[in-house]
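The data block below is my_file-v8.txt; it holds compact mmCIF, C-alpha atoms.
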```txt
# COMPACT_ATOMS: atom_id res chain seq x y z
CA MET A 26 12.25 15.63 42.25
CA ASP A 27 10.24 18.75 42.63
CA LYS A 28 6.53 18.86 42.17
CA ALA A 29 6.54 19.81 38.50
CA GLU A 30 8.92 16.99 37.66
CA ARG A 31 6.81 14.52 39.52
CA LYS A 32 3.68 15.69 37.79
CA LYS A 33 5.37 15.37 34.43
CA THR A 34 6.57 11.85 35.14
CA ALA A 35 3.17 10.81 36.46
CA TYR A 36 1.58 12.18 33.32
CA GLN A 37 3.98 10.25 31.19
CA ILE A 38 3.35 7.01 33.04
CA ALA A 39 -0.39 7.50 32.74
CA LEU A 40 -0.11 8.09 29.01
CA ILE A 41 2.10 5.06 28.52
CA VAL A 42 -0.33 2.84 30.41
CA MET A 43 -3.22 4.21 28.42
CA SER A 44 -1.49 3.54 25.12
CA VAL A 45 -0.59 0.00 26.20
CA TYR A 46 -4.26 -0.48 26.93
CA PHE A 47 -5.12 0.77 23.47
CA SER A 48 -2.59 -1.63 21.98
CA MET A 49 -4.32 -4.47 23.73
CA LEU A 50 -7.67 -3.32 22.39
CA GLU A 51 -6.22 -3.14 18.92
CA ALA A 52 -4.95 -6.69 19.20
CA MET A 53 -8.51 -7.90 19.56
CA VAL A 54 -9.69 -6.36 16.31
CA PRO A 55 -9.80 -8.89 13.44
CA LYS A 56 -7.30 -8.02 10.74
CA PRO A 57 -6.45 -9.41 7.30
CA PHE A 58 -2.78 -9.82 8.23
CA PRO A 59 -1.94 -10.82 11.78
CA TRP A 60 0.61 -8.15 12.57
CA ILE A 61 -0.62 -4.87 11.16
CA LYS A 62 -1.45 -2.12 13.59
CA LEU A 63 -4.28 0.38 13.46
CA GLY A 64 -2.45 3.07 15.32
CA PHE A 65 -5.00 4.16 17.92
CA ALA A 66 -2.39 3.90 20.64
CA ASN A 67 -0.72 6.93 19.12
CA ILE A 68 -3.24 9.12 20.85
CA ALA A 69 -1.00 9.05 23.91
CA THR A 70 1.92 10.16 21.78
CA VAL A 71 -0.02 13.07 20.34
CA ILE A 72 -1.25 14.22 23.74
CA GLY A 73 2.22 13.84 25.22
CA MET A 74 3.80 15.82 22.42
CA GLU A 75 1.29 18.59 22.77
CA ARG A 76 1.62 18.90 26.51
CA PHE A 77 5.31 18.38 27.08
CA GLY A 78 7.16 18.41 23.82
CA SER A 79 8.28 16.11 21.05
CA ILE A 80 10.87 14.13 22.97
CA PHE A 81 8.32 13.43 25.66
CA GLY A 82 6.01 11.99 23.04
CA ILE A 83 8.73 9.88 21.40
CA GLU A 84 9.64 8.46 24.79
CA ILE A 85 6.04 7.49 25.29
CA THR A 86 5.94 5.68 21.97
CA ILE A 87 9.15 3.73 22.51
CA LEU A 88 8.29 2.75 26.04
CA ARG A 89 4.79 1.79 25.07
CA ILE A 90 5.98 -0.50 22.30
CA PHE A 91 8.53 -2.23 24.48
CA LEU A 92 6.12 -2.53 27.38
CA TYR A 93 3.43 -4.00 25.20
CA GLY A 94 5.99 -6.33 23.64
CA PHE A 95 6.91 -7.63 27.06
CA ILE A 96 3.34 -8.02 28.22
CA SER A 97 2.04 -9.78 25.16
CA GLY A 98 5.14 -11.88 24.68
CA THR A 99 5.69 -10.57 21.20
CA LEU A 100 9.10 -9.01 21.72
CA MET A 101 11.26 -9.46 18.62
CA THR A 102 8.46 -11.01 16.58
CA PRO A 103 7.75 -9.54 13.15
CA GLY A 104 4.80 -7.71 14.66
CA PHE A 105 7.11 -6.04 17.15
CA ILE A 106 9.51 -5.01 14.40
CA LEU A 107 6.63 -3.55 12.42
CA SER A 108 5.46 -1.77 15.53
CA ILE A 109 8.78 -0.22 16.44
CA THR A 110 9.61 0.97 12.95
CA ALA A 111 6.12 2.31 12.34
CA GLY A 112 5.90 3.87 15.79
CA LEU A 113 9.30 5.50 15.60
CA GLY A 114 8.77 6.62 12.04
CA SER A 115 5.39 8.17 12.68
CA SER A 116 6.65 9.76 15.90
CA LEU A 117 9.55 11.35 14.08
CA VAL A 118 7.22 12.63 11.38
CA MET A 119 4.96 14.11 14.02
CA ALA A 120 7.92 15.57 15.91
CA GLY A 121 9.10 17.17 12.70
CA LEU A 122 5.69 18.74 12.14
CA PHE A 123 5.49 19.71 15.78
CA SER A 124 8.61 21.79 15.48
CA MET A 125 6.53 23.97 13.16
CA ARG A 126 3.66 23.85 15.58
CA LYS A 127 2.49 27.33 14.76
CA LYS A 128 1.64 26.36 11.22
CA PHE A 129 -0.15 23.05 11.73
CA SER A 130 -3.10 22.13 13.84
CA ILE A 131 -3.21 19.01 15.96
CA PRO A 132 -5.57 17.03 13.71
CA ALA A 133 -3.23 17.61 10.77
CA ILE A 134 -0.15 16.48 12.70
CA SER A 135 -1.96 13.45 14.04
CA THR A 136 -3.30 12.56 10.61
CA ALA A 137 0.18 12.79 9.13
CA GLY A 138 1.41 10.58 11.96
CA GLY A 139 -1.30 8.00 11.35
CA PHE A 140 -0.61 7.97 7.64
CA ALA A 141 3.13 7.65 8.21
CA HIS A 142 2.49 4.88 10.73
CA ASN A 143 0.76 2.67 8.19
CA LEU A 144 3.07 3.67 5.37
CA PHE A 145 6.10 2.61 7.41
CA GLN A 146 4.37 -0.66 8.21
CA ILE A 147 3.83 -1.40 4.56
CA VAL A 148 7.39 -0.52 3.60
CA THR A 149 8.84 -2.55 6.46
CA ALA A 150 6.60 -5.50 5.72
CA TYR A 151 7.65 -5.39 2.10
CA PHE A 152 11.31 -5.49 3.01
CA MET A 153 10.73 -8.26 5.52
CA PHE A 154 8.56 -10.60 3.52
CA PHE A 155 8.09 -9.68 -0.08
CA ARG A 156 11.51 -8.86 -1.49
CA ASN A 157 11.60 -11.75 -3.91
CA ILE A 158 7.96 -11.92 -4.82
CA ASP A 159 6.27 -9.87 -7.48
CA ILE A 160 3.41 -8.13 -5.74
CA SER A 161 2.41 -5.49 -8.21
CA THR A 162 -1.11 -6.86 -8.57
CA ASN A 163 -4.40 -5.04 -8.36
CA GLU A 164 -5.37 -6.73 -5.12
CA VAL A 165 -2.21 -5.60 -3.38
CA ARG A 166 -2.65 -2.04 -4.59
CA LEU A 167 -6.22 -2.03 -3.34
CA PHE A 168 -5.15 -3.30 0.05
CA VAL A 169 -2.36 -0.73 0.32
CA GLY A 170 -4.74 2.07 -0.59
CA VAL A 171 -7.41 1.00 1.88
CA PHE A 172 -4.82 0.44 4.58
CA LEU A 173 -3.39 3.91 4.12
CA ILE A 174 -6.88 5.37 4.26
CA ILE A 175 -7.53 3.53 7.52
CA GLY A 176 -4.31 4.89 8.98
CA THR A 177 -5.12 8.41 7.87
CA LEU A 178 -8.62 8.24 9.29
CA SER A 179 -7.49 6.84 12.61
CA GLY A 180 -4.91 9.61 12.82
CA LEU A 181 -7.60 12.16 12.12
CA VAL A 182 -9.86 10.70 14.79
CA ILE A 183 -7.01 10.71 17.29
CA GLY A 184 -6.25 14.32 16.46
CA ILE A 185 -9.79 15.47 16.96
CA VAL A 186 -10.20 13.46 20.14
CA SER A 187 -6.97 14.73 21.65
CA LEU A 188 -8.01 18.23 20.76
CA ARG A 189 -11.02 17.88 23.00
CA PHE A 190 -8.79 16.32 25.61
CA ARG A 191 -6.57 19.36 25.48
CA LEU A 192 -9.51 21.71 25.76
CA ILE A 193 -10.80 19.87 28.77
CA ASP A 194 -7.35 19.91 30.25
CA LYS A 195 -7.00 23.63 29.77
CA LYS A 196 -10.35 24.12 31.47
CA ILE A 197 -9.11 22.24 34.52
CA GLU A 198 -5.97 24.34 34.64
CA THR A 199 -7.75 27.64 34.29
CA SER A 200 -10.36 26.65 36.86
CA LYS A 201 -7.63 25.68 39.31
CA LYS A 202 -5.89 28.99 38.91
CA GLY A 203 -9.05 31.03 39.07
CA MET B 28 -8.46 23.82 15.34
CA PHE B 29 -7.87 24.23 11.64
CA LYS B 30 -4.86 26.08 10.35
CA ILE B 31 -4.07 27.09 6.83
CA PHE B 32 -1.05 24.83 6.36
CA ASP B 33 -3.15 21.79 7.18
CA ILE B 34 -4.14 21.75 3.56
CA ALA B 35 -0.55 20.97 2.64
CA VAL B 36 -0.52 17.91 4.87
CA TYR B 37 -3.91 16.67 3.76
CA GLY B 38 -3.05 17.37 0.15
CA VAL B 39 0.14 15.33 0.25
CA ILE B 40 -1.61 12.41 1.94
CA ALA B 41 -4.59 12.51 -0.39
CA GLY B 42 -2.32 12.74 -3.42
CA PHE B 43 -0.30 9.76 -2.31
CA ILE B 44 -3.34 7.58 -1.69
CA PHE B 45 -4.85 8.74 -4.96
CA ALA B 46 -1.69 7.72 -6.78
CA VAL B 47 -1.89 4.27 -5.22
CA PHE B 48 -5.43 3.81 -6.43
CA LEU B 49 -4.54 5.23 -9.79
CA GLY B 50 -2.00 2.48 -10.19
CA ILE B 51 -4.82 -0.01 -10.27
CA ASN B 52 -5.82 -1.07 -13.77
CA GLY B 53 -2.36 -0.27 -14.95
CA GLU B 54 -1.03 -1.69 -18.17
CA GLU B 55 1.35 -4.08 -16.55
CA ASN B 56 -1.40 -6.32 -15.33
CA LYS B 57 -2.56 -6.99 -18.83
CA LYS B 58 0.85 -8.13 -19.95
CA PRO B 59 0.28 -11.49 -21.50
CA GLU B 60 2.65 -14.36 -21.00
CA LYS B 61 1.94 -16.93 -23.67
CA ILE B 62 1.18 -17.11 -27.34
CA GLU B 63 -1.43 -19.75 -28.03
CA ILE B 64 -1.79 -20.89 -31.61
CA HIS B 65 -4.92 -22.83 -32.37
CA ILE B 66 -5.27 -24.70 -35.63
CA ASN B 67 -8.55 -26.33 -36.57
CA ASN B 68 -9.97 -25.32 -33.21
CA LYS B 69 -7.33 -27.27 -31.37
CA LEU B 70 -4.43 -25.88 -29.45
CA ALA B 71 -1.37 -26.65 -31.51
CA TYR B 72 1.46 -24.50 -30.18
CA ILE B 73 2.23 -22.52 -27.06
CA TYR B 74 5.13 -20.13 -26.91
CA LYS B 75 6.33 -17.72 -24.29
CA ILE B 76 6.23 -14.05 -25.12
CA THR B 77 9.68 -12.55 -25.07
CA LYS B 78 11.38 -9.25 -25.54
CA GLU B 79 14.05 -10.53 -27.89
CA ARG B 80 13.09 -11.39 -31.41
CA LYS B 81 11.90 -14.92 -31.97
CA GLU B 82 10.42 -16.38 -35.12
CA TYR B 83 8.23 -19.44 -35.05
CA LYS B 84 7.46 -21.48 -38.10
CA ILE B 85 3.97 -22.91 -37.84
CA MET B 86 2.55 -25.67 -39.96
CA SER B 87 -1.06 -24.86 -40.64
CA ASN B 88 -3.60 -26.24 -43.05
CA GLY B 89 -2.31 -24.85 -46.28
CA GLY B 90 1.36 -24.48 -45.57
CA ALA B 91 3.78 -22.75 -43.28
CA ALA B 92 3.24 -19.46 -41.51
CA VAL B 93 5.79 -17.44 -39.62
CA ILE B 94 4.83 -15.83 -36.32
CA VAL B 95 7.24 -13.26 -34.99
CA CYS B 96 7.52 -12.13 -31.40
CA GLU B 97 9.62 -9.14 -30.47
CA ASN B 98 9.41 -6.57 -27.67
CA TYR B 99 6.39 -8.35 -26.23
CA GLU B 100 4.52 -7.83 -29.49
CA VAL B 101 3.35 -10.57 -31.81
CA TRP B 102 2.58 -10.47 -35.49
CA GLU B 103 2.56 -12.65 -38.55
CA ASN B 104 5.25 -12.21 -41.14
CA SER B 105 4.35 -14.74 -43.78
CA ALA B 106 1.24 -16.80 -44.41
CA PRO B 107 0.20 -19.44 -46.90
CA CYS B 108 -3.27 -18.01 -47.42
CA ARG B 109 -4.27 -16.05 -50.50
CA ASN B 110 -5.43 -12.72 -49.09
CA LYS B 111 -2.81 -12.36 -46.37
CA LEU B 112 -5.37 -10.66 -44.18
CA CYS B 113 -3.72 -12.11 -41.13
CA ILE B 114 -0.54 -10.21 -41.88
CA LYS B 115 -2.53 -7.06 -42.37
CA GLN B 116 -4.03 -7.45 -38.92
CA GLY B 117 -0.81 -6.09 -37.58
CA LYS B 118 0.72 -6.49 -34.16
CA ILE B 119 -1.02 -7.64 -31.03
CA LYS B 120 0.29 -7.21 -27.52
CA GLU B 121 -2.52 -7.35 -25.00
CA SER B 122 -4.02 -10.35 -23.30
CA GLY B 123 -7.02 -11.62 -25.22
CA GLN B 124 -6.10 -10.08 -28.54
CA MET B 125 -5.78 -12.40 -31.51
CA ILE B 126 -4.82 -12.71 -35.13
CA VAL B 127 -7.20 -14.81 -37.15
CA CYS B 128 -6.66 -16.55 -40.47
CA ILE B 129 -9.85 -18.11 -41.68
CA PRO B 130 -8.70 -20.11 -44.67
CA GLU B 131 -5.95 -21.61 -42.57
CA LYS B 132 -8.27 -22.03 -39.59
CA MET B 133 -5.58 -20.55 -37.47
CA VAL B 134 -5.93 -18.32 -34.44
CA VAL B 135 -2.97 -16.70 -32.73
CA LYS B 136 -4.03 -15.61 -29.27
CA LEU B 137 -2.23 -13.96 -26.36
CA THR B 138 -3.09 -15.25 -22.93
CA GLY B 139 -1.76 -15.07 -19.46
CA GLY B 140 -1.28 -12.18 -17.08
CA THR B 141 -3.58 -11.56 -14.14
CA ASP B 142 -6.35 -9.73 -15.93
CA ASP B 143 -7.44 -12.39 -18.34
CA ILE B 144 -11.14 -12.20 -18.94
CA ASP B 145 -12.18 -14.32 -21.86
CA GLY B 146 -15.76 -13.29 -21.91
CA ILE B 147 -18.64 -12.15 -19.81
CA ILE B 148 -21.75 -14.25 -19.89
CA ARG B 149 -24.93 -12.38 -19.26
```

Take the structure in the file and write it out as structure tokens.
Amino acid sequence: MDKAERKKTAYQIALIVMSVYFSMLEAMVPKPFPWIKLGFANIATVIGMERFGSIFGIEITILRIFLYGFISGTLMTPGFILSITAGLGSSLVMAGLFSMRKKFSIPAISTAGGFAHNLFQIVTAYFMFFRNIDISTNEVRLFVGVFLIIGTLSGLVIGIVSLRFRLIDKKIETSKKG
Amino acid sequence: MFKIFDIAVYGVIAGFIFAVFLGINGEENKKPEKIEIHINNKLAYIYKITKERKEYKIMSNGGAAVIVCENYEVWENSAPCRNKLCIKQGKIKESGQMIVCIPEKMVVKLTGGTDDIDGIIR
């Protein structure tokens, strides 16, 4: 493995570890339902996508979810299934937007990813638990709306934060060259 | 940091969330489930609201009245009172609405559904 390859792999490992850490932090936040995810761990995906491409970012997401599933002992639980579908779904949405990178800024892509993340969770949860129950009540609509807003906001925050990350990164690179 | 096409993304997301919140207070929550018929201030009959046409013959104070339910709407077709005001009250279909016949002391009321507020006490 030449130096560039090694650097890329090291970067990926660092991002995966960081996102696993974020997943653990998220698990400590009190939530109305036990298995919903806030999506802050996606920051690693966004950074990875920006630095090394969409597939790099998707790899980070998948590995992070499996790794966290192993560590927390939640592999194959409903929470894991929510996580993998939401993570994959939002990553694919972000990858799709990334292919048109020239037209969208990072906060927008990340916000779309965060929104898609929670939207996929809701859809998956509906198909897992609520097929036979009538849930078209006001309370459910309110929860869905607030939940989507939370996902969108967390995506926005991640986008802005990773933007600064990227700027700092670029500074390091330019200072090394110069 | 901000590109022009961002608006498209934000617009779609905002529109979606807006649509979710717009769905709140929709009509379907006020869909009543039961027809309650009170005679002399006492609950005398309860029927389920249906889509298909159903006619109920009610014995009230002065005679027989016919309550019809069709397409989730309820109205009175024949009444033993003199003025037939109850028939003129027309069709009711929302939770809380009622048809009142004073000489017969009869109240036909729709209840049920999740948004059933009977009154607000200040």

Quiz item: Counting all atoms listed in the file, which residues from chain A have an atom at most 7 Å from any atom of chain B, and could you show them as a list in words?
Solution: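 Listing them in order of chain and number gives Lys128, Phe129, Ser130, Ala133, Ala137, Thr162, Asn163, Arg166, Leu167, Gly170 and Leu173 of chain A.
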
Exercise. Name the residues, using the chain letters and numbers of the file, that sit within 8 Å of (7.5, -14.5, -32.6) when counting only C-alpha atoms, and give them as a PyMOL selection string.
Key: chain B and resi 76+80-83+93-97+100-103

Quiz item: From the list B:Asn104, B:Ser122, B:Asn68, B:Asn98, which residue is nearest Ile85 in chain B when using all atoms listed in the file?
Solution: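 Counting all atoms listed in the file, the residue closest to Ile85 in chain B is B:Asn104.
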
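Computed from the coordinates, the CA of Leu181 in chain A to CA of Gly139 in chain A distance equals 7.6 Å.
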
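Between CA of Ile68 in chain A and CA of Gly104 in chain A the interatomic distance comes to 19.7 Å.
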
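Put simply, CA of Tyr99 in chain B is 8.1 Å away from CA of Glu79 in chain B.
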
Self-check item: Pick from A:Ala66, A:Ala35, A:Met153, A:Ile80 nearest to Gly112 in chain A, counting all atoms listed in the file
Solution: A:Ala66

Self-check item: Option closest in space to Gly64 in chain A, from A:Leu92, A:Ala111, A:Ile147, A:Val165 [counting all atoms listed in the file]
Solution: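 Of all the options, A:Ala111 lies closest to Gly64 in chain A.
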
Exercise. Fewer than 2 positions away in the same chain doesn't count, so skip those; otherwise give me all residues within 12 Å of Ser44 in chain A, counting all atoms listed in the file, as number ranges by chain.
Key: A: 37-42, 46-51, 64-73, 82, 85-93, 112, 183

Quiz prompt | Answer as a ChimeraX atom specification, residues within 9 Å of (5.1, 10.8, 13.8) using all atoms listed in the file | solution = /A:67,70-71,83,111-122,134-135,137-142

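Checking A:Lys127, A:Lys28, A:Glu75, A:Val169 one by one against Ala150 in chain A, counting only C-alpha atoms, you find the shortest gap at A:Val169.
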
Quiz item: Any idea what's packed within 12 Å of Val134 in chain B, counting all atoms listed in the file, ignoring anything in its chain fewer than 3 positions away? Could you give it as a PyMOL selection string?
Solution: chain B and resi 62-73+85+87-88+92+94+102-103+113+116+123-131+137
